[in-house]
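First the structure, in the form of C-alpha cells, and then the observations on it.
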Amino acid sequence: MISDYSKGVVSRELIEGIKAIAAGSEIFLCVDPKQSDFSIYSGVHVITPNHHEAQRAAGLEIINGDDLLKLGETLLKKFDFQALLVTRGEEGMSLFERGRRIGHTHFPAQAKEVYDVTGAGDTVIGVLALALAAQANLREATSLANHAAGIVVGKVGTSTVSQKELIGVL
C-alpha cells in the first residue's frame, strides 16, 4: 500500500523501485494518489483517487453516469491499472476493473451521519489493501473498505475503525 501525501517522498523512481521488487510476486500494489499526473503510478494494481483527483487526472468532469464510465475507462487504459476505485463522497464508490464489460460496480455510501471526512481515504486504502492481502476479491475488499469509511466519517476528527465496529455493520 502506498499513500501519497504529495510531500515529495513518493516519486516516480520510488514507485518504479517498488514495482520492480514486487514483480513476479503475489504483492498487490494499492495506491492512494495525490499527484495530478497519474503516470507516476502507471501499472500499479489498484488506485483509489477521490472524484476530484480522478477528474483532474483524466481531464474530464463527471456530470452524469456516462461521464463516470468514460472517466473510468480512460484512466484504466491510459495508466494500465488493473482496477480503479473512485471515492465519491456521499455518492459512494465506483469500482472499475480491467476486463469487465459492464463498466463498473457502484457501492452506495454507508455513512449514517457525517461528522468529519478526515482520514476517510486512508481508511479506504488501508482496509482495501488488508482485505486483498487476506485473499478477498476486489468487490469484497471494496465493500469492506466502503463500510469502514462509513464508520470513520461518523466520528469527529481523525479516527480509526475497530474490527468489532466493522463486524457490527456487516
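Chain labels A, B, ... are given in the sequence in which chains occur in the C-alpha cells; within each chain residues are numbered consecutively from 1, and ligands are likewise numbered from 1 in the order shown.
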Against region 94-118 of chain A, which residues of region 37-89 of chain A fall within 12 Å? For each one I want the closest pair of atoms and the distance in Å (one decimal), counting only C-alpha atoms, rows by chain and increasing residue number, as CSV.
```
residue,atom,partner,partner_atom,distance
A:Gly43,CA,A:Arg98,CA,11.8
A:His45,CA,A:Glu97,CA,9.9
A:Val46,CA,A:Glu97,CA,8.9
A:Ile47,CA,A:Leu95,CA,10.0
A:Thr48,CA,A:Leu95,CA,9.1
A:Pro49,CA,A:Ser94,CA,10.5
A:Asn50,CA,A:Ser94,CA,10.0
A:His51,CA,A:Ser94,CA,9.5
A:Ala54,CA,A:Ser94,CA,11.4
A:Gly65,CA,A:Gly103,CA,10.3
A:Asp66,CA,A:Gly103,CA,9.8
A:Asp67,CA,A:Gly103,CA,11.5
A:Leu68,CA,A:Ser94,CA,8.7
A:Leu69,CA,A:Gly103,CA,6.2
A:Lys70,CA,A:Gly103,CA,9.0
A:Leu71,CA,A:Phe96,CA,9.8
A:Gly72,CA,A:Phe96,CA,6.1
A:Glu73,CA,A:Phe96,CA,7.7
A:Thr74,CA,A:Phe96,CA,10.6
A:Leu75,CA,A:Phe96,CA,9.5
A:Leu76,CA,A:Arg98,CA,6.8
A:Lys77,CA,A:Arg98,CA,8.4
A:Lys78,CA,A:Arg98,CA,11.7
A:Phe79,CA,A:Arg98,CA,11.3
A:Asp80,CA,A:Arg98,CA,8.7
A:Phe81,CA,A:Arg98,CA,7.4
A:Gln82,CA,A:Arg98,CA,5.1
A:Ala83,CA,A:Glu97,CA,4.4
A:Leu84,CA,A:Phe96,CA,5.1
A:Leu85,CA,A:Leu95,CA,4.4
A:Val86,CA,A:Ser94,CA,5.2
A:Thr87,CA,A:Ser94,CA,6.6
A:Arg88,CA,A:Ser94,CA,7.5
A:Gly89,CA,A:Ala109,CA,7.2
```
Please identify the helix (DSSP H, G or I) residues within chain A (assignment by DSSP from backbone atoms) and present them as an MDAnalysis selection string. chainID A and resid 12:22 38:41 51:58 65:79 89:91 120:133 138:152 163:169
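We find CA of Gln163 (chain A) and CA of Ser3 (chain A) to be spaced 21.7 Å apart.
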As a PyMOL selection string, list the residues of chain A assigned to strand (DSSP E or B) by DSSP on the backbone atoms of this structure. chain A and resi 2-3+30-32+46-47+50+83-87+93-97+104-107
Could you write out the selected residues, including C-alpha atoms, as a tab-separated table (two decimals), in the first residue's frame?
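Now in result.tsv:
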```
chain	number	residue	atom	x	y	z
A	2	ILE	CA	1.32	3.41	-0.97
A	3	SER	CA	-0.39	6.52	0.35
A	30	CYS	CA	-2.52	-0.33	-3.96
A	31	VAL	CA	-2.04	3.44	-4.26
A	32	ASP	CA	-3.91	6.38	-2.79
A	46	VAL	CA	-5.36	-0.57	-7.95
A	47	ILE	CA	-5.52	3.17	-7.39
A	50	ASN	CA	-11.32	10.69	-4.92
A	83	ALA	CA	-8.55	-1.54	-11.13
A	84	LEU	CA	-9.64	1.97	-10.26
A	85	LEU	CA	-11.69	2.73	-7.17
A	86	VAL	CA	-13.09	6.27	-7.29
A	87	THR	CA	-14.33	7.52	-3.93
A	93	MET	CA	-17.62	4.49	-4.52
A	94	SER	CA	-17.25	3.27	-8.08
A	95	LEU	CA	-15.01	0.30	-8.85
A	96	PHE	CA	-13.71	-0.12	-12.40
A	97	GLU	CA	-11.94	-3.38	-13.23
A	104	HIS	CA	-18.24	-0.50	-13.10
A	105	THR	CA	-19.64	-1.67	-9.79
A	106	HIS	CA	-21.28	1.02	-7.66
A	107	PHE	CA	-21.12	0.90	-3.86
```
List as a count of residues only the protein and nucleic acid residues near Ser11 (chain A), meaning an atom at most 12 Å away when only C-alpha atoms are counted, but skip any in the same chain fewer than 3 places from it. 20
Minimum-distance residue to Ala133 (chain A), chosen among A:Ile27, A:Leu170, A:Val44, A:Leu60 (using only C-alpha atoms): A:Ile27
For Asn137 (chain A), list every protein, DNA or RNA residue within 12 Å, evaluated using only C-alpha atoms, and leave out those in the same chain fewer than 6 positions away; present the list as a VMD selection string. chain A and resid 28 83 95 97 128 to 131 143 to 144
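Of note, CA of Gly121 (chain A) and CA of Ser25 (chain A) are spaced 26.2 Å apart.
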